[in-house]
Structures are given as structure tokens and as C-alpha cells.
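Notes follow once the structure below has been shown.
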Amino acid sequence: MIEGLTVSYRDILALDGVSFATSCGNRVALVGPNGAGKSTLLKAIAGLVTRQSGNILWRGTSVQKWSREFAYLPQREEIDWSFPITVRGLVEMGRYPQTGWWRKFSNEDQAAVDKALESLNLMDLQDRQIRELSGGQQQRAFLARALAQEAHVLLLDEPFTGLDRNASILLGDLLAKLAAEGRLIIASHHDLGSAPLLFDEVLVINTQQVGFGDVASVLTPSLISKTFAVTETQSHV
Amino acid sequence: MFEELLNSPFYQRTLAAAAFIGFTNGFFSGFVVLRRNALSVSALSHTMLPGIALGIWVTGYLSQWNAFIGALFAALLVGLGSVAVARGKRIAEGTSLAVLYTAAFAAGVAILPKLETRSELEHWLFGDILAIANSDLWLAYSMGAVILIAGNLLMRPILLTLFEPNVAAAQGVPTRTMQYLVFMMLVLALVSSLQAVGCVLSVGLLVTPAATVSLLTDKTSALFWGGGLIGGIGSVIAVLLSGYFGISPGPAIVILLGILFILAYLFSPKYGLLVPKFIFNRRP
């Protein structure tokens with residue numbers, strides 16, 4: 001549950017009083033025009049940017065800064081794909097919060113990494129450098145890291161961008177499976193047409209919150225034209 | 001003649017120094033390759049020359065210690081200064097580093113004519129590992145130990161900081177401290193390699209080993225340990241060859257490392273230019 005979340009960059013208000021409540025097992029689409037604060041909201045929930053005000057309640061307790069149970073998957077262009085790291089090395093990074101800075105990788109850690117790789121069908125690709133993967137495989141590699149971290153809330157920034165049709169379908173099925181296992185998935189998404197197929201709930205924001213609820217009931221033509229038209233005029237000012 | 005050389009304790013000390021300095025610098029080159037800041041390493045290494053000149057100017061004589069301290073001082077001043085200026089976000093780190101290091105270099109050039117020990121500076125420019133004294137060796141050992149211990153203990157937070165700074169910060173890694181720390185280690189590595197290859201060539205020892213490894217494997221940890229092995233073994237072999245052929249050991253080290261890099265670039269099983277791609281791209 002999120003209450004009155006507000007984030008500013010210097011003097012620019014990026015996000016104003018966003019509040020919504022959802023539960024595990026749901027897939028929530030985050031929809032809004034460019035610059036509406038979708039990435040900012042994901043980063044604020046993940047603890048990557050500081051919040052001016054507002055609360056994040058997770059299992060009844062307030063999350064102050066960062067929780068291991070929240071995993072953030074950045075937008076593709078924010079990742080340094082040429083970093084010399086293998087898929088397995090990336091997934092092992094997901095265990096760092098558990099192992100701390102020094103503790104040796106235990107069998108349990110290795111097992112968690114194996115399990116994550118297996119469940120995302122990455123075992124055969126584990127020794128590849130991360131740039132040598134297709135777009136869909138790269139998404140899965142970062143999802144595997146989130147699973148190794150034992151995260152329950154997956155925060156994905158535009159996961160479907162740049163994927164071809166088949167990869168999108170596979171990722172959609174995968175997110176459905178991860179949600180069915182009891183995880184909460186919050187993903188920014190720009191394709192309104194596919195939102196009803198891929199998500200259960202939708203949060204529409206444009207700096208402020210415009211609507212939240214079931215995809216079908218929220219994404220009405222009037223709300224869409226209102227949200228996206230306003231920015232059109234704003235961008236010309 | 002060569003056997004005689006091998007049996008001399010001076011030469012054995014030289015080989016020990018080459019192995020250790022090569023290993024430490026090779027290990028650290030992993031960070032240089034990951035940070036993609038080979039050029040700033042080059043800038044810093046040139047800063048050490050005016051630093052040494054300053055050390056001599058202030059104390060009036062040339063000794064290992066005041067040269068080391070001068071180099072350390074100048075490199076820290078320029079290195080940390082450039083990071084601090086770049087924190088203002090208005091000036092990129094490369095820009096601030098270029099400004100500060102050329103200014104420092106200019107200061108060194110201005111001081112140089114005033115020094116009586118000018119001729120010995122060549123020794124610092126290109127190194128003289130054969131002249132290494134026990135005290136130099138201990139200094140290099142202790143600096144190397146600091147780098148190896150700190151680098152290994154803080155490997156995870158440093159890697160996370162280099163790969164995803166904002167995620168690292170969210171997880172509570174003091175990313176700013178980590179960045180300064182890597183910079184400090186870099187300066188220590190540079191200073192410790194002064195005696196072996198001099199300040200101009202130290203870049204070769206601090207970049208080439210891990211760059212070579214990165215052509216051979218994608219394992220992150222291999223950059224460090226593999227870089228250390230290539231740096232250490234390469235340096236020892238280069239010193240032996242230089243004794244055999246009668247050339248200076250400092251340049252020999254950097255030449256050998258450069259040849260290894262080019263060989264890896266051409267013949268690496270995975271990324272080699274001359275290796276047919278279709279054989280290796282067909283992995284499951």
C-alpha cells in the first residue's frame with residue numbers, strides 16, 4: 001500500500017501525492033504520458049530516489065528506505081551491457097544483500113542462484129556475457145537476479161520495450177506465472193492496447209494520480225484522452 | 001654471464017619486486033577496466049612527475065621517500081580534486097581531470113629547471129627496477145598489500161557501485177566512499193609501480209593485464225586474479241628477457257604486456273579478430 005507519495009528533483013515536482021493499495025499476486029501496469037513520473041514512482045518505491053513525503057506500507061510495516069523484498073529492474077538503456085559480467089555473475093549479485101560484503105557464498109546461496117536460473121530457463125546461458133543475450137533473455141536475467149534476492153515486489157521499468165512479438169508473449173506469460181506464485185508486479189507500460197492482456201490493475205499517473213483500479217474499468221477512452229491530451233498542450237507551453 | 005646475473009641477490013630482489021608489483025598492478029587493472037577510466041589513469045601518472053619534482057624542490061634532495069610522497073601528494077591532489085569538481089555536475093570528471101593535470105604538469109615543468117638533480121629524474125620517468133633497494137621493496141609490498149586486502153574485502157560493494165550506482169546506494173553501499181577509495185587505491189598502485197616502470201609507463205602495467213583478460217573471459221573475478229597473474233608472471237619474464245638481451249627492464253615489461261594484449265586481441269578463442277566467429281557463436 002502506498003500513501004501520498006511525493007518526489008521532487010530539485011524544484012521540479014515529479015510525483016505528487018500518489019496513493020494506491022494493491023496486494024500480492026497482482027500485476028499492476030503503470031501508465032501515463034512521457035515525463036509523467038512513471039520511472040520516478042518505481043524508483044521511489046524501490047528506494048532509489050528519496051521521497052519528500054508519503055509512506056510505503058508493506059505487510060503492515062512502513063518501508064523507510066530500501067527493502068530486500070523489493071527488486072527494481074531498470075530500463076534497458078540504463079544498464080551498462082558491456083560490463084564484463086556473466087548471467088550467473090549478475091544473478092549472484094542478487095545474493096549480495098543476504099551475504100553482506102564479506103561472507104562467503106554458501107551452498108544455500110548457490111542453490112538460490114541455481115533455482116533462479118532454472119526457473120527462468122537460463123541454465124544454458126549462465127556463462128554468457130550479458131550483452132550476448134536477446135532482449136527477452138536480458139529481461140529474464142534481471143528477473144532471475146530479483147528471484148535470487150528473494151524479492152516479492154518486482155518493479156519493472158518498461159519491460160516490454162524493445163521486445164519482439166514472441167519475446168513479449170513469453171515475458172507476459174512469465175510475469176503471470178511470477179504473480180501467480182504470490183509476487184506483486186508493478187511495471188511501467190506505454191502500450192495501452194496490450195495492458196488489459198498483460199495486467200490485472202492499472203495506475204494512471206500524470207505527475208498526479210489520475211486513476212487506479214481494474215484495467216477494464218479504469219482505462220476508459222475518456223480518461224485516456226484526458227490524461228494524454230493534457231500533456232500535449234503542456235508540452236507546447 | 002646471465003647465470004651469474006640470476007645468482008646475484010640484487011637480481012633476485014629485482015625479480016621479486018617485478019612479480020609483486022606486476023601482480024598488484026595487474027589485480028588493480030581489473031578496476032581500471034571496469035571503470036573504463038584508462039585515460040584518467042594516464043593523466044594521473046603524468047601528474048606524478050611534477051609531484052616528484054615538487055618533493056625534490058621542497059626538501060632539496062632526491063630520495064625514494066620524498067619522491068614517493070611528492071608523487072602521492074600530487075596524484076591525490078589532482079585525482080581527488082577532479083572527482084570533487086566533477087561532483088558539482090556542471091563539469092565532467094574527464095574535463096576537470098584534464099584541466100587539473102595539465103596545470104600540475106605545467107607547474108612541474110616550471111620547477112624542473114630549478115633542480116640540481118634533474119638528470120636523475122629520468123630514472124623516475126622510465127623506472128629502474130634493477131636499482132630497487134630493500135626499503136623500496138618494503139614500500140611497494142605494503143602499498144600492494146593495502147590494495148589487495150582492501151580490493152578483496154570490498155569487492156562486492158565496489159562492483160555494485162561500478163555496475164549500478166543507484167541500486168548500490170539504495171542498498172546502503174556508501175557509493176561516494178567507494179569511488180574515493182578506488183581512486184586512493186589507484187594512486188597507491190601508480191606510486192608502487194614508479195620504481196619498476198616509471199611514471200610514464202606505469203599506465204601500461206595498470207591497464208594492460210585486465211584488458212588482456214577481458215578479451216579471454218567474461219568472468220568478472222578473472223579480471224582481477226587473471227590480471228594479477230598476467231601482470232606478475234609477465235613482469236618476471238620481461239625482466240629475465242631484458243637481462244638476457246641487455247635492454248631496460250621497465251620498457252621490456254610494458255612491451256611484453258602489450259604483445260600479450262595484441263595476441264589475445266588476435267587469437268582469443270571467443271573475441272579474437274582472427275578466429276572464425278561461427279565456430280564459437282553456436283553455443284546452446
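Please note that chains go A, B, ... in the order of the C-alpha cells, that every chain numbers its residues from 1, and that ligands are numbered from 1 in the order shown.
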Counting only C-alpha atoms, collect the residues of chain A whose closest atom lies at most 8 Å from chain B, and write them out as number ranges by chain. A: 46-48, 65-67, 79-80, 83-86, 89, 93, 96-97, 101-102, 124-125, 127-129
Give me the residues near Gly213 (chain A) as a ChimeraX atom specification, where near means some atom within 12 Å (using only C-alpha atoms) and where sequence neighbours in that chain fewer than 5 positions away do not count. /A:19-22,26-31,196,199-204,218-220
With N, CA and C atoms retained, could you export that selection as a PDB file, in the first residue's frame?
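In the end it all went to again30.pdb:
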```pdb
ATOM      1  N   SER A  19      -1.323   7.669  -4.261  1.00  0.00           N
ATOM      2  CA  SER A  19      -1.758   6.703  -3.239  1.00  0.00           C
ATOM      3  C   SER A  19      -2.518   5.564  -3.899  1.00  0.00           C
ATOM      4  N   PHE A  20      -2.118   4.365  -3.591  1.00  0.00           N
ATOM      5  CA  PHE A  20      -2.922   3.228  -4.053  1.00  0.00           C
ATOM      6  C   PHE A  20      -2.629   2.017  -3.185  1.00  0.00           C
ATOM      7  N   ALA A  21      -3.544   1.097  -3.195  1.00  0.00           N
ATOM      8  CA  ALA A  21      -3.351  -0.121  -2.412  1.00  0.00           C
ATOM      9  C   ALA A  21      -3.599  -1.320  -3.293  1.00  0.00           C
ATOM     10  N   THR A  22      -2.699  -2.261  -3.226  1.00  0.00           N
ATOM     11  CA  THR A  22      -2.873  -3.480  -4.005  1.00  0.00           C
ATOM     12  C   THR A  22      -2.330  -4.626  -3.169  1.00  0.00           C
ATOM     13  N   ASN A  26      -0.895  -9.653  -7.766  1.00  0.00           N
ATOM     14  CA  ASN A  26      -1.402  -8.748  -8.798  1.00  0.00           C
ATOM     15  C   ASN A  26      -0.305  -8.285  -9.724  1.00  0.00           C
ATOM     16  N   ARG A  27      -0.727  -7.960 -10.929  1.00  0.00           N
ATOM     17  CA  ARG A  27       0.182  -7.298 -11.868  1.00  0.00           C
ATOM     18  C   ARG A  27      -0.386  -5.907 -12.123  1.00  0.00           C
ATOM     19  N   VAL A  28       0.367  -4.906 -11.743  1.00  0.00           N
ATOM     20  CA  VAL A  28      -0.122  -3.535 -11.855  1.00  0.00           C
ATOM     21  C   VAL A  28       0.630  -2.819 -12.978  1.00  0.00           C
ATOM     22  N   ALA A  29      -0.120  -2.286 -13.939  1.00  0.00           N
ATOM     23  CA  ALA A  29       0.512  -1.502 -15.002  1.00  0.00           C
ATOM     24  C   ALA A  29       0.554  -0.049 -14.572  1.00  0.00           C
ATOM     25  N   LEU A  30       1.663   0.582 -14.871  1.00  0.00           N
ATOM     26  CA  LEU A  30       1.833   1.990 -14.547  1.00  0.00           C
ATOM     27  C   LEU A  30       1.795   2.730 -15.875  1.00  0.00           C
ATOM     28  N   VAL A  31       0.760   3.536 -16.045  1.00  0.00           N
ATOM     29  CA  VAL A  31       0.524   4.137 -17.353  1.00  0.00           C
ATOM     30  C   VAL A  31       0.501   5.649 -17.224  1.00  0.00           C
ATOM     31  N   PRO A 196      -4.643  -4.563 -21.029  1.00  0.00           N
ATOM     32  CA  PRO A 196      -5.648  -5.479 -20.453  1.00  0.00           C
ATOM     33  C   PRO A 196      -5.214  -6.938 -20.506  1.00  0.00           C
ATOM     34  N   PHE A 199      -1.944  -7.188 -17.679  1.00  0.00           N
ATOM     35  CA  PHE A 199      -2.002  -6.710 -16.297  1.00  0.00           C
ATOM     36  C   PHE A 199      -3.397  -6.880 -15.706  1.00  0.00           C
ATOM     37  N   ASP A 200      -3.443  -6.929 -14.373  1.00  0.00           N
ATOM     38  CA  ASP A 200      -4.722  -7.031 -13.667  1.00  0.00           C
ATOM     39  C   ASP A 200      -5.246  -5.652 -13.315  1.00  0.00           C
ATOM     40  N   GLU A 201      -4.337  -4.821 -12.814  1.00  0.00           N
ATOM     41  CA  GLU A 201      -4.744  -3.495 -12.368  1.00  0.00           C
ATOM     42  C   GLU A 201      -3.912  -2.443 -13.088  1.00  0.00           C
ATOM     43  N   VAL A 202      -4.412  -1.220 -13.088  1.00  0.00           N
ATOM     44  CA  VAL A 202      -3.666  -0.159 -13.741  1.00  0.00           C
ATOM     45  C   VAL A 202      -3.685   1.092 -12.868  1.00  0.00           C
ATOM     46  N   LEU A 203      -2.528   1.756 -12.838  1.00  0.00           N
ATOM     47  CA  LEU A 203      -2.422   3.039 -12.144  1.00  0.00           C
ATOM     48  C   LEU A 203      -2.063   4.072 -13.202  1.00  0.00           C
ATOM     49  N   VAL A 204      -2.926   5.031 -13.391  1.00  0.00           N
ATOM     50  CA  VAL A 204      -2.670   6.068 -14.387  1.00  0.00           C
ATOM     51  C   VAL A 204      -2.160   7.299 -13.656  1.00  0.00           C
ATOM     52  N   VAL A 218     -10.743   1.193 -15.463  1.00  0.00           N
ATOM     53  CA  VAL A 218     -10.005   2.456 -15.392  1.00  0.00           C
ATOM     54  C   VAL A 218      -9.661   3.009 -16.770  1.00  0.00           C
ATOM     55  N   LEU A 219      -9.190   2.126 -17.649  1.00  0.00           N
ATOM     56  CA  LEU A 219      -8.714   2.609 -18.951  1.00  0.00           C
ATOM     57  C   LEU A 219      -9.877   2.879 -19.907  1.00  0.00           C
ATOM     58  N   THR A 220     -10.690   3.842 -19.557  1.00  0.00           N
ATOM     59  CA  THR A 220     -11.797   4.224 -20.437  1.00  0.00           C
ATOM     60  C   THR A 220     -11.280   5.239 -21.451  1.00  0.00           C
TER      61      THR A 220
END
```
Once DSSP has gone over the backbone, tell me which residues of chain A are in strand (DSSP E), as a ChimeraX atom specification. /A:2-9,12-20,27-31,53-58,61-62,70-73,153-156,184-188,201-206,208-214
Those residues with C-alpha atoms, as a compact mmCIF listing (two decimals), in the first residue's frame please?
```
# COMPACT_ATOMS: atom_id res chain seq x y z
CA ILE A 2 1.25 3.43 -0.93
CA GLU A 3 0.10 6.62 0.69
CA GLY A 4 0.59 10.16 -0.59
CA LEU A 5 3.94 9.63 -2.25
CA THR A 6 5.63 12.84 -3.39
CA VAL A 7 9.01 13.21 -5.09
CA SER A 8 10.77 16.30 -6.45
CA TYR A 9 14.01 16.74 -8.34
CA ILE A 12 10.66 20.22 -10.14
CA LEU A 13 7.77 18.22 -8.82
CA ALA A 14 7.99 14.79 -10.41
CA LEU A 15 5.33 12.99 -8.47
CA ASP A 16 2.58 14.43 -6.33
CA GLY A 17 0.56 12.57 -3.77
CA VAL A 18 0.24 9.16 -5.35
CA SER A 19 -1.76 6.70 -3.24
CA PHE A 20 -2.92 3.23 -4.05
CA ARG A 27 0.18 -7.30 -11.87
CA VAL A 28 -0.12 -3.54 -11.86
CA ALA A 29 0.51 -1.50 -15.00
CA LEU A 30 1.83 1.99 -14.55
CA VAL A 31 0.52 4.14 -17.35
CA SER A 53 6.61 12.70 1.86
CA GLY A 54 4.40 9.69 1.81
CA ASN A 55 4.54 6.20 3.13
CA ILE A 56 5.04 2.77 1.73
CA LEU A 57 3.36 0.12 3.80
CA TRP A 58 4.44 -3.42 3.11
CA THR A 61 5.11 -2.09 8.30
CA SER A 62 6.47 1.09 6.84
CA PHE A 70 11.63 -5.02 -3.40
CA ALA A 71 13.60 -5.53 -6.60
CA TYR A 72 13.96 -2.87 -9.23
CA LEU A 73 14.67 -3.73 -12.87
CA VAL A 153 7.71 -6.98 -5.21
CA LEU A 154 9.13 -6.68 -8.72
CA LEU A 155 9.36 -3.15 -10.03
CA LEU A 156 9.96 -3.16 -13.78
CA LEU A 184 3.43 -8.34 -6.74
CA ILE A 185 4.46 -6.94 -10.10
CA ILE A 186 4.43 -3.24 -10.84
CA ALA A 187 5.59 -2.29 -14.32
CA SER A 188 5.52 0.90 -16.31
CA GLU A 201 -4.74 -3.50 -12.37
CA VAL A 202 -3.67 -0.16 -13.74
CA LEU A 203 -2.42 3.04 -12.14
CA VAL A 204 -2.67 6.07 -14.39
CA ILE A 205 -0.45 8.96 -13.40
CA ASN A 206 0.45 12.30 -14.84
CA GLN A 208 -0.63 13.41 -10.03
CA GLN A 209 -2.66 10.29 -9.80
CA VAL A 210 -5.36 10.09 -12.45
CA GLY A 211 -6.92 6.72 -11.80
CA PHE A 212 -6.38 3.32 -10.23
CA GLY A 213 -8.27 0.05 -10.38
CA ASP A 214 -9.07 -2.85 -12.66
```
From B:Asn37, B:Asn66, B:Thr14, B:Ser202, residue lying nearest Leu54 (chain B) [only C-alpha atoms]: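 Using only C-alpha atoms, the shortest distance to Leu54 (chain B) belongs to B:Asn66.
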Please report the interatomic distance between CA of Gln98 (chain A) and CA of Asn121 (chain A) in Å with one decimal. 23.3 Å
Write down as a VMD selection string the residues belonging to region 3-225 of chain A that are assigned helix (DSSP H, G or I) by DSSP computed on the backbone. chain A and resid 38 to 46 76 to 78 87 to 93 96 to 99 107 to 119 123 to 125 130 to 132 135 to 148 165 to 180 195 to 198 215 to 218 221 to 225
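Non-sequential neighbours of region 205-210 of chain B (distance at most 7 Å, separation of 4 or more positions within a chain, only C-alpha atoms) are Gly22, Asn25, Gly26, Phe28, Ser29, Gly30, Val32, Val33, Ala38, Ser214, Leu223, Phe224, Gly227, Ile230, Gly231, Val254, Leu257, Gly258 and Phe261 of chain B.
Among the candidates A:Arg95, A:Thr207, A:Trp81, A:Ala179, the residue lying nearest to Leu133 (chain A) is A:Trp81 (atoms considered: only C-alpha atoms).
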Exercise: Ile129 (chain B) partners within 7 Å, only C-alpha atoms, chain neighbours under 6 positions left out, as a PyMOL selection string: chain B and resi 14+195-196+249-250
Residues from last step as file, C-alpha atoms, as a JSON list (two decimals), in the first residue's frame:
```json
[["chain", "number", "residue", "atom", "x", "y", "z"],
["B", 14, "THR", "CA", 64.53, -7.35, -8.80],
["B", 195, "GLN", "CA", 60.24, 2.14, -9.30],
["B", 196, "ALA", "CA", 59.53, -0.64, -11.75],
["B", 249, "PRO", "CA", 63.54, -3.89, -17.80],
["B", 250, "GLY", "CA", 60.86, -1.16, -17.42]]
```
CA of Ala71 (chain B) to CA of Val58 (chain B), distance in Å rounded to a single decimal: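 CA of Val58 (chain B) lies 12.7 Å from CA of Ala71 (chain B).
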Contacts of Ser248 (chain B) at 12 Å or less, counting only C-alpha atoms, minus same-chain residues fewer than 4 places along, as a PyMOL selection string? chain B and resi 123+126-131+196-198+238-244+252-255
Using only C-alpha atoms, determine which residues lie at most 12 Å from Ala98 (chain B), disregarding the query and same-chain residues fewer than 2 positions distant; provide the list as number ranges by chain. B: 39-44, 46-47, 78-79, 81-83, 85-86, 91-96, 100-105
Selection from above, C-alpha atoms, as a PDB file, in the first residue's frame, can you write it?
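Result file result_10.pdb:
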```pdb
ATOM      1  CA  LEU B  39      42.683   7.779 -19.774  1.00  0.00           C
ATOM      2  CA  SER B  40      42.379   9.266 -16.317  1.00  0.00           C
ATOM      3  CA  VAL B  41      44.972   6.757 -15.118  1.00  0.00           C
ATOM      4  CA  SER B  42      47.232   8.101 -17.807  1.00  0.00           C
ATOM      5  CA  ALA B  43      46.560  11.670 -16.680  1.00  0.00           C
ATOM      6  CA  LEU B  44      47.305  10.783 -13.063  1.00  0.00           C
ATOM      7  CA  HIS B  46      51.802  12.139 -15.617  1.00  0.00           C
ATOM      8  CA  THR B  47      50.843  14.130 -12.550  1.00  0.00           C
ATOM      9  CA  VAL B  78      44.729  16.191  -8.831  1.00  0.00           C
ATOM     10  CA  GLY B  79      42.778  12.933  -8.621  1.00  0.00           C
ATOM     11  CA  GLY B  81      40.309  17.344  -6.772  1.00  0.00           C
ATOM     12  CA  SER B  82      38.932  16.299 -10.132  1.00  0.00           C
ATOM     13  CA  VAL B  83      36.403  13.977  -8.501  1.00  0.00           C
ATOM     14  CA  VAL B  85      34.983  19.298  -9.014  1.00  0.00           C
ATOM     15  CA  ALA B  86      33.013  16.769 -11.059  1.00  0.00           C
ATOM     16  CA  ILE B  91      31.927  19.788 -15.230  1.00  0.00           C
ATOM     17  CA  ALA B  92      32.513  16.201 -16.356  1.00  0.00           C
ATOM     18  CA  GLU B  93      35.171  14.251 -14.461  1.00  0.00           C
ATOM     19  CA  GLY B  94      37.325  13.852 -17.572  1.00  0.00           C
ATOM     20  CA  THR B  95      37.223  17.579 -18.176  1.00  0.00           C
ATOM     21  CA  SER B  96      38.161  18.555 -14.631  1.00  0.00           C
ATOM     22  CA  LEU B 100      43.951  19.942 -13.217  1.00  0.00           C
ATOM     23  CA  TYR B 101      46.554  17.509 -14.505  1.00  0.00           C
ATOM     24  CA  THR B 102      47.848  19.781 -17.245  1.00  0.00           C
ATOM     25  CA  ALA B 103      48.056  22.600 -14.704  1.00  0.00           C
ATOM     26  CA  ALA B 104      50.004  20.342 -12.343  1.00  0.00           C
ATOM     27  CA  PHE B 105      52.230  19.181 -15.166  1.00  0.00           C
TER      28      PHE B 105
END
```
Long-range neighbours of region 163-165 of chain A as a ChimeraX atom specification, 10 Å cut-off, only C-alpha atoms, 2 positions minimum in chain: /A:134-137,139,159-161,167-171
The distance between CA of Phe105 (chain A) and CA of Thr175 (chain B) is 22.6 Å
Can you work out which one of B:Leu194, B:Ile237, B:Val200, B:Met178 has the shortest atom-to-atom distance to Asp136 (chain B), counting only C-alpha atoms?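 Nearest to Asp136 (chain B): B:Leu194.
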